[in-house]
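Here is the file work.txt (compact mmCIF, C-alpha atoms).
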```txt
# COMPACT_ATOMS: atom_id res chain seq x y z
CA LEU A 1 2.23 5.37 -9.42
CA PHE A 2 -0.70 5.96 -11.77
CA LEU A 3 -0.17 2.56 -13.46
CA SER A 4 -0.48 0.64 -10.20
CA ASN A 5 -3.51 2.75 -9.27
CA ILE A 6 -5.21 1.94 -12.58
CA ILE A 7 -4.63 -1.79 -12.11
CA TRP A 8 -5.81 -1.55 -8.50
CA ALA A 9 -8.96 0.36 -9.53
CA TYR A 10 -9.96 -2.17 -12.19
CA ALA A 11 -9.48 -4.98 -9.69
CA LYS A 12 -11.37 -3.15 -6.94
CA LEU A 13 -14.32 -2.64 -9.28
CA ARG A 14 -14.02 -6.22 -10.57
CA VAL A 15 -14.05 -4.83 -14.10
CA GLN A 16 -11.90 -6.49 -16.75
CA PRO A 17 -9.94 -4.10 -19.01
CA SER A 18 -9.99 -4.76 -22.72
CA PRO A 19 -7.24 -7.10 -23.98
CA GLN A 20 -5.46 -4.20 -25.64
CA LEU A 21 -5.52 -2.06 -22.50
CA ALA A 22 -4.56 -5.00 -20.28
CA ASN A 23 -1.48 -5.75 -22.38
CA SER A 24 -0.47 -2.09 -22.45
CA LEU A 25 -0.89 -1.66 -18.69
CA LEU A 26 1.09 -4.76 -17.89
CA ALA A 27 3.85 -3.95 -20.38
CA TRP A 28 4.26 -0.47 -18.92
CA THR A 29 4.24 -1.88 -15.40
CA ALA A 30 6.92 -4.43 -16.26
CA GLN A 31 9.12 -1.67 -17.72
CA GLY A 32 8.71 0.49 -14.62
CA ALA A 33 8.90 -2.23 -11.97
CA SER A 34 12.48 -1.41 -11.02
CA GLN A 35 11.38 2.09 -9.99
CA MET A 36 8.37 1.07 -7.90
CA GLY A 37 8.12 1.48 -4.15
CA PRO A 38 6.44 -0.97 -1.75
CA GLN A 39 2.94 0.49 -2.07
CA MET A 40 3.01 0.49 -5.87
CA ILE A 41 4.30 -3.08 -5.94
CA SER A 42 1.67 -4.35 -3.50
CA ASN A 43 -1.15 -2.53 -5.32
CA SER A 44 -0.01 -3.90 -8.67
CA LEU A 45 0.33 -7.49 -7.48
CA TRP A 46 -2.98 -7.37 -5.63
CA GLY A 47 -4.77 -6.02 -8.70
CA ILE A 48 -3.10 -8.44 -11.09
CA SER A 49 -4.03 -11.39 -8.88
CA ILE A 50 -7.69 -10.33 -8.89
CA LEU A 51 -7.86 -9.75 -12.63
CA SER A 52 -5.86 -12.82 -13.67
CA THR A 53 -7.96 -15.20 -11.55
CA ALA A 54 -11.33 -13.71 -12.47
CA PRO A 55 -13.92 -15.81 -14.35
CA THR A 56 -12.67 -16.64 -17.81
CA SER A 57 -12.90 -13.80 -20.30
CA SER A 58 -10.85 -12.55 -23.21
CA SER A 59 -9.08 -9.99 -21.04
CA SER A 60 -8.33 -12.37 -18.17
CA SER A 61 -6.95 -14.88 -20.67
CA SER A 62 -4.80 -12.09 -22.05
CA LEU A 63 -3.59 -11.23 -18.56
CA THR A 64 -2.71 -14.82 -17.75
CA SER A 65 -0.85 -15.39 -21.02
CA PHE A 66 1.07 -12.14 -20.55
CA LEU A 67 2.04 -12.92 -16.96
CA MET A 68 3.36 -16.35 -17.83
CA SER A 69 4.95 -15.52 -21.19
CA PRO A 70 8.71 -15.97 -21.56
CA GLY A 71 9.08 -12.49 -23.02
CA PRO A 72 8.01 -9.47 -20.93
CA ASN A 73 7.57 -11.45 -17.72
CA LEU A 74 5.88 -9.00 -15.39
CA LEU A 75 5.81 -11.28 -12.37
CA LYS A 76 9.56 -11.82 -12.50
CA ALA A 77 10.15 -8.09 -12.74
CA LEU A 78 7.89 -7.42 -9.73
CA ASP A 79 9.40 -10.34 -7.80
CA ARG A 80 12.88 -8.90 -8.13
CA ARG A 81 11.64 -5.58 -6.77
CA VAL A 82 9.81 -7.27 -3.88
CA ALA A 83 13.01 -9.12 -2.97
CA GLN A 84 14.94 -5.84 -2.95
CA LEU A 85 12.46 -3.88 -0.84
CA LEU A 86 10.80 -6.50 1.37
CA PRO A 87 12.40 -5.25 4.62
CA GLU A 88 10.85 -1.84 3.93
CA PHE A 89 7.31 -3.14 3.50
CA LYS A 90 4.59 -2.19 5.98
CA SER A 91 2.19 -4.80 7.33
CA GLN A 92 -0.56 -3.99 4.82
CA GLU A 93 1.86 -4.19 1.91
CA ILE A 94 3.20 -7.54 3.10
CA SER A 95 -0.35 -8.83 3.52
CA ASN A 96 -1.38 -7.70 0.03
CA VAL A 97 1.69 -9.21 -1.61
CA MET A 98 1.24 -12.55 0.15
CA LEU A 99 -2.47 -12.54 -0.63
CA ALA A 100 -1.72 -11.91 -4.30
CA TYR A 101 0.84 -14.71 -4.51
CA GLY A 102 -1.51 -17.06 -2.67
CA ARG A 103 -4.45 -16.20 -4.92
CA MET A 104 -2.37 -17.04 -7.99
CA THR A 105 -0.95 -20.15 -6.25
CA TYR A 106 2.38 -18.70 -7.19
CA PHE A 107 5.52 -19.12 -5.11
CA PRO A 108 8.12 -16.55 -6.22
CA LYS A 109 11.55 -18.12 -5.93
CA ALA A 110 13.15 -14.77 -6.61
CA VAL A 111 11.60 -13.52 -3.36
CA PHE A 112 11.72 -16.54 -1.06
CA GLY A 113 13.88 -19.13 -2.79
CA SER A 114 17.13 -17.20 -2.47
CA SER A 115 16.50 -16.17 1.13
CA PRO A 116 13.78 -18.35 2.69
CA MET A 117 14.27 -16.84 6.14
CA LEU A 118 13.64 -13.31 4.88
CA ILE A 119 9.86 -13.59 4.70
CA ASP A 120 9.81 -15.19 8.16
CA SER A 121 11.75 -12.34 9.73
CA VAL A 122 9.61 -9.71 8.01
CA LEU A 123 6.39 -11.47 9.02
CA THR A 124 7.51 -11.79 12.60
CA SER A 125 8.46 -8.12 12.87
CA HIS A 126 5.11 -6.93 11.47
CA LEU A 127 2.62 -9.32 13.06
CA SER A 128 2.01 -7.13 16.09
CA SER A 129 1.03 -4.20 13.88
CA SER A 130 -1.15 -6.22 11.51
CA ASN A 131 -4.90 -5.76 11.63
CA PRO A 132 -7.25 -8.79 11.69
CA GLN A 133 -7.77 -8.77 7.91
CA GLU A 134 -4.03 -8.70 7.28
CA MET A 135 -3.51 -11.61 9.66
CA SER A 136 -6.16 -13.68 7.90
CA ASN A 137 -4.62 -12.88 4.50
CA ILE A 138 -1.23 -14.10 5.71
CA VAL A 139 -2.61 -17.37 7.10
CA TRP A 140 -4.54 -18.02 3.89
CA ALA A 141 -1.51 -17.32 1.69
CA LEU A 142 0.74 -19.61 3.74
CA SER A 143 -1.80 -22.40 3.46
CA ARG A 144 -1.91 -22.00 -0.32
CA TRP A 145 1.84 -22.49 -0.71
CA GLY A 146 1.86 -25.98 0.78
CA ARG A 147 5.35 -27.45 0.81
CA GLN A 148 6.91 -24.70 -1.28
CA HIS A 149 7.72 -22.68 1.83
CA THR A 150 8.12 -23.90 5.39
CA LEU A 151 7.74 -21.38 8.19
CA SER A 152 10.60 -21.37 10.63
CA GLU A 153 9.60 -22.45 14.12
CA SER A 154 10.11 -18.93 15.48
CA ALA A 155 7.91 -17.42 12.75
CA ALA A 156 5.24 -20.08 13.30
CA GLN A 157 5.30 -19.42 17.03
CA ALA A 158 4.89 -15.68 16.44
CA LEU A 159 2.02 -16.23 14.02
CA TYR A 160 0.16 -18.70 16.22
CA SER A 161 0.72 -16.62 19.35
CA THR A 162 -0.73 -13.58 17.61
CA LEU A 163 -3.77 -15.53 16.42
CA HIS A 164 -4.32 -16.94 19.91
CA GLN A 165 -4.19 -13.52 21.52
CA ARG A 166 -6.25 -11.71 18.89
CA ALA A 167 -8.76 -14.30 17.68
CA ASN A 168 -11.64 -12.30 19.15
CA GLU A 169 -10.80 -9.39 16.83
CA LEU A 170 -11.64 -11.48 13.76
CA GLU A 171 -14.95 -10.85 12.01
CA THR A 172 -16.94 -13.25 9.86
CA LYS A 173 -14.78 -13.19 6.72
CA GLY A 174 -11.53 -13.18 8.66
CA VAL A 175 -12.41 -16.01 11.02
CA THR A 176 -13.57 -18.33 8.23
CA THR A 177 -10.46 -17.51 6.20
CA VAL A 178 -8.24 -18.25 9.20
CA SER A 179 -10.12 -21.46 10.09
CA TRP A 180 -9.69 -22.77 6.55
CA GLY A 181 -6.03 -21.73 6.50
CA LEU A 182 -5.25 -23.40 9.84
CA ALA A 183 -7.03 -26.58 8.77
CA SER A 184 -4.90 -26.64 5.63
CA MET A 185 -1.72 -25.91 7.59
CA SER A 186 -2.57 -28.74 9.98
CA HIS A 187 -2.92 -31.22 7.15
CA ARG A 188 -0.40 -34.03 6.94
CA SER A 189 0.72 -32.79 3.52
CA ALA A 190 1.64 -29.37 4.94
CA SER A 191 5.19 -28.63 6.02
CA HIS A 192 4.57 -25.82 8.52
CA PRO A 193 4.71 -26.49 12.27
CA PRO A 194 1.07 -27.34 13.05
CA PRO A 195 -1.08 -24.90 15.05
CA PRO A 196 -1.41 -26.01 18.69
CA PRO A 197 -4.81 -26.88 20.18
CA GLU A 198 -5.25 -23.64 22.12
CA VAL A 199 -4.95 -21.65 18.89
CA LEU A 200 -7.48 -23.84 17.12
CA ALA A 201 -9.81 -23.57 20.11
CA ALA A 202 -9.56 -19.77 20.17
CA VAL A 203 -10.27 -19.44 16.45
CA PHE A 204 -13.13 -21.93 16.39
CA ASN A 205 -14.70 -20.48 19.52
CA ARG A 206 -14.72 -17.14 17.71
CA MET A 207 -16.20 -18.83 14.66
CA TYR A 208 -19.03 -20.32 16.72
CA ALA A 209 -19.74 -16.93 18.30
CA LEU A 210 -20.07 -15.30 14.87
CA ALA A 211 -21.87 -18.18 13.15
CA PRO A 212 -25.33 -16.52 13.25
CA LYS A 213 -23.91 -13.73 11.04
CA PHE A 214 -22.35 -16.06 8.46
CA THR A 215 -23.28 -16.05 4.80
CA PRO A 216 -24.01 -19.47 3.25
CA LYS A 217 -20.50 -19.49 1.77
CA GLN A 218 -18.93 -18.77 5.16
CA VAL A 219 -20.99 -21.57 6.75
CA MET A 220 -19.64 -23.96 4.11
CA ILE A 221 -16.04 -22.87 4.73
CA GLY A 222 -16.41 -23.23 8.50
CA ILE A 223 -17.92 -26.71 8.27
CA SER A 224 -15.26 -27.80 5.76
CA SER A 225 -12.53 -26.57 8.09
CA LEU A 226 -13.91 -28.55 11.01
CA ALA A 227 -14.26 -31.64 8.84
CA ARG A 228 -10.65 -31.43 7.68
CA LEU A 229 -9.35 -31.11 11.24
CA LYS A 230 -11.36 -34.06 12.51
CA GLN A 231 -10.08 -36.23 9.68
CA GLN A 232 -6.51 -35.41 10.70
CA ALA A 233 -6.84 -36.03 14.44
CA ALA A 234 -6.07 -39.75 14.29
CA VAL A 235 -3.08 -39.16 12.00
CA VAL A 236 -1.62 -36.53 14.32
CA ASN A 237 -2.10 -38.74 17.38
CA ARG A 238 -0.38 -41.66 15.67
CA ALA A 239 2.55 -39.40 14.78
CA ALA A 240 2.78 -38.23 18.39
CA ALA A 241 2.70 -41.81 19.65
CA ALA A 242 5.38 -42.83 17.17
CA ALA A 243 7.57 -40.01 18.47
CA GLY A 244 7.24 -41.41 21.97
CA GLU A 245 4.87 -38.71 23.20
CA SER A 246 1.58 -39.31 24.95
CA SER A 247 -1.45 -38.82 22.77
CA SER A 248 -5.10 -38.27 23.46
CA PRO A 249 -8.08 -39.82 21.67
CA PRO A 250 -9.39 -38.04 18.59
CA PRO A 251 -11.68 -35.17 19.59
CA SER A 252 -15.38 -35.79 19.88
CA ASP A 253 -18.06 -33.67 18.21
CA THR A 254 -18.55 -31.64 21.38
CA ASN A 255 -15.08 -30.44 22.26
CA ASN A 256 -14.43 -28.22 19.21
CA ASN A 257 -11.15 -29.99 18.57
CA SER A 258 -9.57 -28.45 21.68
CA ASN A 259 -7.87 -31.79 22.41
CA TYR A 260 -6.19 -31.83 19.03
CA ASN A 261 -2.75 -33.18 19.90
CA HIS A 262 0.71 -33.08 18.43
CA ASN A 263 4.18 -33.86 19.66
CA SER A 264 5.98 -31.71 22.17
CA SER A 265 8.53 -30.40 19.73
CA SER A 266 5.78 -28.88 17.60
CA ASN A 267 4.03 -27.64 20.71
CA SER A 268 7.08 -25.84 21.98
CA SER A 269 7.96 -24.39 18.61
CA SER A 270 4.53 -23.13 17.56
CA SER A 271 2.36 -21.13 19.82
CA SER A 272 -3.77 -21.00 7.33
```
Starting from the file, give its structure as structure tokens.
Amino acid sequence: LFLSNIIWAYAKLRVQPSPQLANSLLAWTAQGASQMGPQMISNSLWGISILSTAPTSSSSSSLTSFLMSPGPNLLKALDRRVAQLLPEFKSQEISNVMLAYGRMTYFPKAVFGSSPMLIDSVLTSHLSSSNPQEMSNIVWALSRWGRQHTLSESAAQALYSTLHQRANELETKGVTTVSWGLASMSHRSASHPPPPPEVLAAVFNRMYALAPKFTPKQVMIGISSLARLKQQAAVVNRAAAAAGESSSPPPSDTNNNSNYNHNSSSNSSSSS
């Protein structure tokens, strides 16, 4: 437990350990991964993702080379343990693990490749108990994976339904994270069922309500999200028309994308 706490503490403080300490910590963690419980695993992965994606330094370079080395491959050791214990994870632990994988743009085949429906079932069972920050972490992580993992229609419906019902619980960081994630998941290169218009409307209405509190970075993320969705509207409408469904014109600047349209099969299967 103390190893995962040390990694978590360094990451929380945004302090890079020395290369020697980093290598020692990660080597010890790799050796003990098979004995870790869900909290230790999630803390370790969260901390490693922060430290290994920090601005370039000697210690972060050491972390990255260690993680990806063919020898003591820490990520593979942790992935195997995640795969074993995933059904036992609580919502915060699931959120932290997905956030870590998303931050590293890393799709662990040991976790999801062998049983792609496992993450969907776990997500679905924990969504109702997730807090707003955990929900935004999950959306962001899913959007980072692109085509490497496709949400099942039932999991997508559960995720979008939860976002629709609880959008007003999101605060500034959460709502901009979710808006960016949904915009990415709506993109034509994404493989997830696209979010339906009522979900987008709920999230962006919340974003507009909180806009006066935004930092400059959050303003940029919100505007970028809107821009991405508007660029996709014509593509989505053409796809709907090609599928024989009625389509509406691309949304104007004043309707907050609430007329964003997609075909009925996506709409029925889905309630970034």
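Using all atoms listed in the file, the shortest contact distance between Leu75 of chain A and any of A:Gly37, A:Gly181, A:Pro108, A:Pro196 is found at A:Pro108.
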I'd like the box whose edges run along x, y and z of the file and which contains every listed atom of segment 37-46 of chain A, padded by 4 Å per side; could you state its centre and edge lengths in Å, one decimal, as lines of an AutoDock Vina configuration file?
```
center_x = 2.6
center_y = -3.0
center_z = -5.2
size_x = 19.1
size_y = 17.0
size_z = 14.9
```
Exercise. Tell me, as a list in words, which residues lie within 8 Å of Leu226 of chain A, counting all atoms listed in the file; anything in the same chain fewer than 4 positions away does not count.
Key: Ala183, Gly222 and Lys230 of chain A
Quiz item: Nearest to Val178 of chain A: which of A:Pro212, A:Pro132, A:Pro38, A:Pro194 is it, counting only C-alpha atoms?
Solution: A:Pro132
Quiz item: Hey, which of A:Gln84, A:Asn205, A:Ser130, A:Gln16 ends up closest to Ile41 of chain A? Count only C-alpha atoms.
Solution: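 Checking each candidate against Ile41 of chain A, we get A:Gln84 as the closest.
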Quiz item: Mind pulling up the distance from atom CA of Ser143 of chain A to atom CA of Ala155 of chain A?
Solution: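 It comes out at 14.3 Å.
Contact shell of Lys90 of chain A at 10 Å (only C-alpha atoms; same-chain neighbours under 6 positions omitted): Pro38, Gln39, Val122, Leu123, Ser125, His126, Ser129 and Ser130 of chain A.
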Same residues, C-alpha atoms, saved as a PDB file, in the frame of the given file:
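Contents of part_25.pdb, freshly written:
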```pdb
ATOM      1  CA  PRO A  38       6.440  -0.970  -1.750  1.00  0.00           C
ATOM      2  CA  GLN A  39       2.940   0.490  -2.070  1.00  0.00           C
ATOM      3  CA  VAL A 122       9.610  -9.710   8.010  1.00  0.00           C
ATOM      4  CA  LEU A 123       6.390 -11.470   9.020  1.00  0.00           C
ATOM      5  CA  SER A 125       8.460  -8.120  12.870  1.00  0.00           C
ATOM      6  CA  HIS A 126       5.110  -6.930  11.470  1.00  0.00           C
ATOM      7  CA  SER A 129       1.030  -4.200  13.880  1.00  0.00           C
ATOM      8  CA  SER A 130      -1.150  -6.220  11.510  1.00  0.00           C
TER       9      SER A 130
END
```
Quiz prompt | Pick from A:Gly174, A:Met185, A:Thr162, A:Asp79 nearest to Thr150 of chain A, counting all atoms listed in the file | solution =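 Nearest candidate to Thr150 of chain A out of A:Gly174, A:Met185, A:Thr162, A:Asp79: A:Met185.
The two atoms in question, atom CA of Leu25 of chain A and atom CA of Arg103 of chain A, are spaced 20.3 Å apart.
Nearest to Glu134 of chain A of all the residues A:Leu170, A:Ala209, A:Met104, A:Val111 is A:Leu170, based on only C-alpha atoms.
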Quiz item: How far is it from atom CA of Arg144 of chain A to atom CA of Leu182 of chain A, in Å with one decimal?
Solution: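 Between atom CA of Arg144 of chain A and atom CA of Leu182 of chain A the gap works out to 10.8 Å.
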Practice problem: Find, counting all atoms listed in the file, the residue in A:Val139, A:Leu210, A:Ile6, A:Ile94 that gets nearest to Ala22 of chain A. | Solution: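 When distances to Ala22 of chain A are compared using all atoms listed in the file, the smallest one comes from A:Ile6.
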At most 12 Å from (-5.0, -12.3, 21.3), file frame, all atoms listed in the file: which residues, as an mmCIF file with C-alpha atoms, keeping the file's coordinate frame?
```
data_model
loop_
_atom_site.group_PDB
_atom_site.id
_atom_site.type_symbol
_atom_site.label_atom_id
_atom_site.label_comp_id
_atom_site.auth_asym_id
_atom_site.auth_seq_id
_atom_site.Cartn_x
_atom_site.Cartn_y
_atom_site.Cartn_z
ATOM 1 C CA LEU A 127 2.620 -9.320 13.060
ATOM 2 C CA SER A 128 2.010 -7.130 16.090
ATOM 3 C CA ASN A 131 -4.900 -5.760 11.630
ATOM 4 C CA PRO A 132 -7.250 -8.790 11.690
ATOM 5 C CA MET A 135 -3.510 -11.610 9.660
ATOM 6 C CA ALA A 158 4.890 -15.680 16.440
ATOM 7 C CA LEU A 159 2.020 -16.230 14.020
ATOM 8 C CA TYR A 160 0.160 -18.700 16.220
ATOM 9 C CA SER A 161 0.720 -16.620 19.350
ATOM 10 C CA THR A 162 -0.730 -13.580 17.610
ATOM 11 C CA LEU A 163 -3.770 -15.530 16.420
ATOM 12 C CA HIS A 164 -4.320 -16.940 19.910
ATOM 13 C CA GLN A 165 -4.190 -13.520 21.520
ATOM 14 C CA ARG A 166 -6.250 -11.710 18.890
ATOM 15 C CA ALA A 167 -8.760 -14.300 17.680
ATOM 16 C CA ASN A 168 -11.640 -12.300 19.150
ATOM 17 C CA GLU A 169 -10.800 -9.390 16.830
ATOM 18 C CA LEU A 170 -11.640 -11.480 13.760
ATOM 19 C CA GLU A 198 -5.250 -23.640 22.120
ATOM 20 C CA VAL A 199 -4.950 -21.650 18.890
ATOM 21 C CA ALA A 202 -9.560 -19.770 20.170
ATOM 22 C CA VAL A 203 -10.270 -19.440 16.450
ATOM 23 C CA ARG A 206 -14.720 -17.140 17.710
ATOM 24 C CA SER A 271 2.360 -21.130 19.820
#
```
